[in-house]
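Single-structure report; data block below.
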Amino acid sequence: MNIRKGMVLGFMGILATSGALAQKFEGLAKTPQMGWNSWNKFACNVNEQMIRETADAMVSSGMKDAGYLYVNIDDCWHGERDVKGFIHANAEHFPSGMKALSDYVHSKGLKLGIYSDAGWKTCGGRPGSRGYEYQDALTYAEWGVDYLKYDWCETNGLKAEGAYLTMREALRKAGRPVLFSLCEWGDNKPWDWAKPVGHSWRTTGDIWDCFDCIEDHGTWQSRGVLQILDLQEGLRVHAGPDHWNDMDMMEVGNGGMSVNEDRAHFSIWAMLASPLIAGNDIRSMSKETAAILTNKAVIALNQDPLGVQAFKYATRDGVEYWFKPLENGDWGFMALNRNKDARKVSFDWKKEIVNDDLSKRDAAFGKTRYSLQNLWTGRAAGNTAKALTADLPGHDVLVLRLSAR
């Protein structure tokens with residue numbers, strides 16, 4: 001009996017004897033997942049050589065050392081289904097096959113991610129998983145896949161919760177731990193039902209490579225960084241270890257934004273505990289882009305074990321002030337200048353009342369003195385005994401770590 005046939009028979013036995021639903025694989029995303037995805041830069045132009053080179057670059061660039069783990073192939077890797085319904089990779093673009101590619105990625109100490117869709121076809125017109133969920137899950141397990149991004153195109157007649165539950169079941173029954181990333185675009189409020197289903201869920205439609213814009217595609221729209229940020233209002237109560245609000249893959253280094261806008265983009269994703277999935281060509285990125293993506297101090301805000309998403313405390317003259325509770329009594333602080341031109345930032349800590357009902361934390365600036373560390377310059381920035389003043393360029397951020405220790 002071959003392995004695939006044995007796994008299929010095993011599935012049938014499990015389904016016959018158990019009426020209970022399985023659970024997602026727990027503990028795969030205790031902090032927001034970090035990695036890279038092919039779509040933002042390459043769209044359908046994916047092949048095994050590029051994925052191998054990207055895995056190499058993730059190691060040589062310092063991204064792996066900074067915490068990036070997943071190398072994710074997005075849409076258009078697909079070939080056709082065989083007569084039994086099993087999916088195969090495009091033989092022209094992946095001549096060695098997905099198992100060999102997975103083995104190569106794993107040899108670098110990294111993990112491989114793949115993409116499918118809950119509908120008949122993917123957004124790029126390739127075969128979707130509708131009706132083939134268990135077969136696809138078996139195939140991914142055989143290939144050694146570690147991450148599944150699951151999209152929502154061509155899904156007429158489907159209910160989102162049920163469709164994603166089906167794939168969750170299939171992944172679990174296939175037996176290989178897979179991080180399940182729901183890409184349903186927030187249309188059916190996945191934050192209300194997806195916590196036991198997947199490890200993260202998209203809260204909006206697709207990102208666009210700009211800081212403050214909406215790109216109209218006719219029947220749908222892509223959004224810039226600030227537009228995606230604004231759509232996170234009210235969602236932080238749903239995020240936490242193993243279940244994250246996903247603001248989409250990042251556009252840092254793709255050329256549509258200035259360095260300070262890229263820096264602000266990365267800081268926002270870090271503060272709001274969104275998965276940090278790079279979307280640029282890391283094989284040839286600039287020193288400025290690499291410095292942003294590998295800033296371990298900013299990444300530490302995102303990866304903080306407490307797992308609490310930042311909240312907006314105040315907006316003054318177009319500058320937003322955000323706080324993120326951290327472990328050991330620390331706080332993350334971000335001043336975000338939404339204006340195109342520079343602004344004076346002034347924040348008198350002792351006069352501000354900063355508390356968070358969600359984490360039950362009170363900064364208590366009136367009686368607690370915090371030291372300040374500027375996370376983009378790496379320099380100490382005084383303490384909260386003195387009011388903060390700074391000149392903040394347009395579309396830029398000031399990010400501090402406040403420590404009482």
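Quick note on naming: the chains in the structure tokens go A, B, ... in the order shown, residues restart at 1 in each chain, and ligands are numbered from 1 in order of appearance.
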
Neighbours of stretch 186-198 of chain A within 7 Å (only C-alpha atoms; same-chain residues fewer than 3 positions away dropped), as a VMD selection string? chain A and resid 23 to 24 160 165 168 180 to 182 201 to 204 238 243

What's the 12 Å shell around A:Gly144, counting only C-alpha atoms, without same-chain residues fewer than 6 positions away, as a PyMOL selection string? chain A and resi 97-106+110-114+137-138+174-178

Grab the residues selected above and save them as a PDB file, in the first residue's frame with N, CA and C atoms.
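In the end it all went to result-v2.pdb:
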```pdb
ATOM      1  N   GLY A  97      10.067  19.559  -8.152  1.00  0.00           N
ATOM      2  CA  GLY A  97       8.950  19.193  -7.299  1.00  0.00           C
ATOM      3  C   GLY A  97       8.980  19.899  -5.961  1.00  0.00           C
ATOM      4  N   MET A  98       7.834  19.962  -5.311  1.00  0.00           N
ATOM      5  CA  MET A  98       7.700  20.698  -4.056  1.00  0.00           C
ATOM      6  C   MET A  98       8.398  20.011  -2.891  1.00  0.00           C
ATOM      7  N   LYS A  99       8.471  18.694  -2.904  1.00  0.00           N
ATOM      8  CA  LYS A  99       9.146  18.011  -1.791  1.00  0.00           C
ATOM      9  C   LYS A  99      10.636  18.362  -1.778  1.00  0.00           C
ATOM     10  N   ALA A 100      11.261  18.385  -2.939  1.00  0.00           N
ATOM     11  CA  ALA A 100      12.683  18.747  -3.011  1.00  0.00           C
ATOM     12  C   ALA A 100      12.887  20.204  -2.583  1.00  0.00           C
ATOM     13  N   LEU A 101      11.955  21.072  -2.983  1.00  0.00           N
ATOM     14  CA  LEU A 101      12.063  22.480  -2.592  1.00  0.00           C
ATOM     15  C   LEU A 101      11.874  22.639  -1.088  1.00  0.00           C
ATOM     16  N   SER A 102      10.928  21.915  -0.548  1.00  0.00           N
ATOM     17  CA  SER A 102      10.705  21.941   0.895  1.00  0.00           C
ATOM     18  C   SER A 102      11.948  21.470   1.640  1.00  0.00           C
ATOM     19  N   ASP A 103      12.545  20.397   1.158  1.00  0.00           N
ATOM     20  CA  ASP A 103      13.760  19.885   1.804  1.00  0.00           C
ATOM     21  C   ASP A 103      14.872  20.932   1.777  1.00  0.00           C
ATOM     22  N   TYR A 104      14.987  21.655   0.677  1.00  0.00           N
ATOM     23  CA  TYR A 104      16.028  22.682   0.578  1.00  0.00           C
ATOM     24  C   TYR A 104      15.779  23.805   1.578  1.00  0.00           C
ATOM     25  N   VAL A 105      14.544  24.286   1.643  1.00  0.00           N
ATOM     26  CA  VAL A 105      14.209  25.353   2.584  1.00  0.00           C
ATOM     27  C   VAL A 105      14.463  24.893   4.019  1.00  0.00           C
ATOM     28  N   HIS A 106      14.059  23.674   4.321  1.00  0.00           N
ATOM     29  CA  HIS A 106      14.275  23.138   5.666  1.00  0.00           C
ATOM     30  C   HIS A 106      15.763  23.017   5.991  1.00  0.00           C
ATOM     31  N   LEU A 110      14.761  26.961   7.852  1.00  0.00           N
ATOM     32  CA  LEU A 110      13.555  27.733   7.589  1.00  0.00           C
ATOM     33  C   LEU A 110      12.386  26.785   7.327  1.00  0.00           C
ATOM     34  N   LYS A 111      11.193  27.355   7.153  1.00  0.00           N
ATOM     35  CA  LYS A 111       9.993  26.564   6.886  1.00  0.00           C
ATOM     36  C   LYS A 111       9.341  27.033   5.595  1.00  0.00           C
ATOM     37  N   LEU A 112       8.643  26.117   4.927  1.00  0.00           N
ATOM     38  CA  LEU A 112       8.027  26.418   3.636  1.00  0.00           C
ATOM     39  C   LEU A 112       6.530  26.645   3.782  1.00  0.00           C
ATOM     40  N   GLY A 113       6.052  27.708   3.155  1.00  0.00           N
ATOM     41  CA  GLY A 113       4.624  27.984   3.104  1.00  0.00           C
ATOM     42  C   GLY A 113       4.100  27.892   1.690  1.00  0.00           C
ATOM     43  N   ILE A 114       2.806  27.615   1.578  1.00  0.00           N
ATOM     44  CA  ILE A 114       2.176  27.484   0.272  1.00  0.00           C
ATOM     45  C   ILE A 114       0.817  28.168   0.319  1.00  0.00           C
ATOM     46  N   ALA A 137      -4.689  18.731   1.632  1.00  0.00           N
ATOM     47  CA  ALA A 137      -3.993  18.673   2.922  1.00  0.00           C
ATOM     48  C   ALA A 137      -3.026  17.491   2.970  1.00  0.00           C
ATOM     49  N   LEU A 138      -3.438  16.351   2.444  1.00  0.00           N
ATOM     50  CA  LEU A 138      -2.548  15.195   2.361  1.00  0.00           C
ATOM     51  C   LEU A 138      -1.315  15.500   1.517  1.00  0.00           C
ATOM     52  N   ALA A 174      -4.493  15.436   8.347  1.00  0.00           N
ATOM     53  CA  ALA A 174      -3.289  15.062   7.598  1.00  0.00           C
ATOM     54  C   ALA A 174      -2.102  14.854   8.522  1.00  0.00           C
ATOM     55  N   GLY A 175      -2.164  15.447   9.717  1.00  0.00           N
ATOM     56  CA  GLY A 175      -1.208  15.118  10.756  1.00  0.00           C
ATOM     57  C   GLY A 175       0.044  15.963  10.835  1.00  0.00           C
ATOM     58  N   ARG A 176       0.329  16.788   9.832  1.00  0.00           N
ATOM     59  CA  ARG A 176       1.533  17.621   9.882  1.00  0.00           C
ATOM     60  C   ARG A 176       1.165  19.002  10.412  1.00  0.00           C
ATOM     61  N   PRO A 177       1.831  19.481  11.475  1.00  0.00           N
ATOM     62  CA  PRO A 177       1.520  20.819  11.987  1.00  0.00           C
ATOM     63  C   PRO A 177       1.719  21.892  10.924  1.00  0.00           C
ATOM     64  N   VAL A 178       0.660  22.621  10.630  1.00  0.00           N
ATOM     65  CA  VAL A 178       0.671  23.671   9.611  1.00  0.00           C
ATOM     66  C   VAL A 178       0.061  24.932  10.206  1.00  0.00           C
TER      67      VAL A 178
END
```

Contacts of A:Phe94 within 9 Å, only C-alpha atoms, excl. fewer than 5 positions in-chain, as a ChimeraX atom specification: /A:46-49,77,89,101

So which residues touch A:Leu392 within 8 Å, counting only C-alpha atoms, skipping near sequence neighbours fewer than 6 positions away, as a tab-separated table (two decimals) with N, CA and C atoms, in the first residue's frame?
```
chain	number	residue	atom	x	y	z
A	337	ASN	N	3.31	60.55	12.53
A	337	ASN	CA	2.94	61.78	11.85
A	337	ASN	C	2.25	61.45	10.55
A	342	ALA	N	6.45	68.18	8.31
A	342	ALA	CA	6.94	67.91	9.67
A	342	ALA	C	6.03	68.51	10.73
A	343	ARG	N	6.08	67.93	11.92
A	343	ARG	CA	5.33	68.43	13.06
A	343	ARG	C	6.22	68.41	14.30
A	344	LYS	N	5.93	69.32	15.20
A	344	LYS	CA	6.56	69.30	16.52
A	344	LYS	C	5.80	68.32	17.40
A	345	VAL	N	6.53	67.43	18.00
A	345	VAL	CA	5.93	66.47	18.92
A	345	VAL	C	6.23	66.92	20.34
A	398	LEU	N	8.26	58.17	15.53
A	398	LEU	CA	9.18	58.10	16.65
A	398	LEU	C	8.73	56.90	17.47
```

Sort by chain and increasing residue number a table of all residues of stretch 200-225 of chain A within 8 Å of stretch 263-279 of chain A, each with its closest pair of atoms and their distance in Å to one decimal, counting only C-alpha atoms, and write it as a tab-separated table.
```
residue	atom	partner	partner_atom	distance
A:Ser200	CA	A:Pro275	CA	7.9
A:Phe211	CA	A:His265	CA	7.6
A:Val225	CA	A:His265	CA	6.4
```

Keeping only N, CA and C atoms, write the selected residues to a file as a PDB file, in the first residue's frame.
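Output file part02.pdb follows:
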```pdb
ATOM      1  N   SER A 200      -4.091  33.219  12.222  1.00  0.00           N
ATOM      2  CA  SER A 200      -4.237  34.639  11.895  1.00  0.00           C
ATOM      3  C   SER A 200      -5.316  34.780  10.845  1.00  0.00           C
ATOM      4  N   PHE A 211       1.669  54.889   1.015  1.00  0.00           N
ATOM      5  CA  PHE A 211       1.457  55.168   2.432  1.00  0.00           C
ATOM      6  C   PHE A 211       0.050  55.673   2.717  1.00  0.00           C
ATOM      7  N   VAL A 225      -1.088  52.074   3.545  1.00  0.00           N
ATOM      8  CA  VAL A 225      -0.769  51.759   4.936  1.00  0.00           C
ATOM      9  C   VAL A 225      -1.735  52.423   5.900  1.00  0.00           C
TER      10      VAL A 225
END
```

Could you check how far atom CA of A:Glu184 sits from atom CA of A:Met250, in Å to one decimal?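 Distance reported for this atom pair: 17.2 Å.
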
Distance criterion (only C-alpha atoms): nearest to A:Gln373 out of A:Val298, A:Ala141, A:Cys44, A:Ala66: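 Under the stated criterion, the closest residue is A:Val298.
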
Find the residue from A:Ser258, A:Gln33, A:Gln135, A:Ser38 that sits nearest to A:Tyr70; use only C-alpha atoms when measuring. A:Gln33

Pick the closest to A:Lys324 from A:Trp152, A:Phe311, A:Tyr140, A:Trp244: which is it, counting only C-alpha atoms?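 Nearest candidate to A:Lys324 out of A:Trp152, A:Phe311, A:Tyr140, A:Trp244: A:Phe311.
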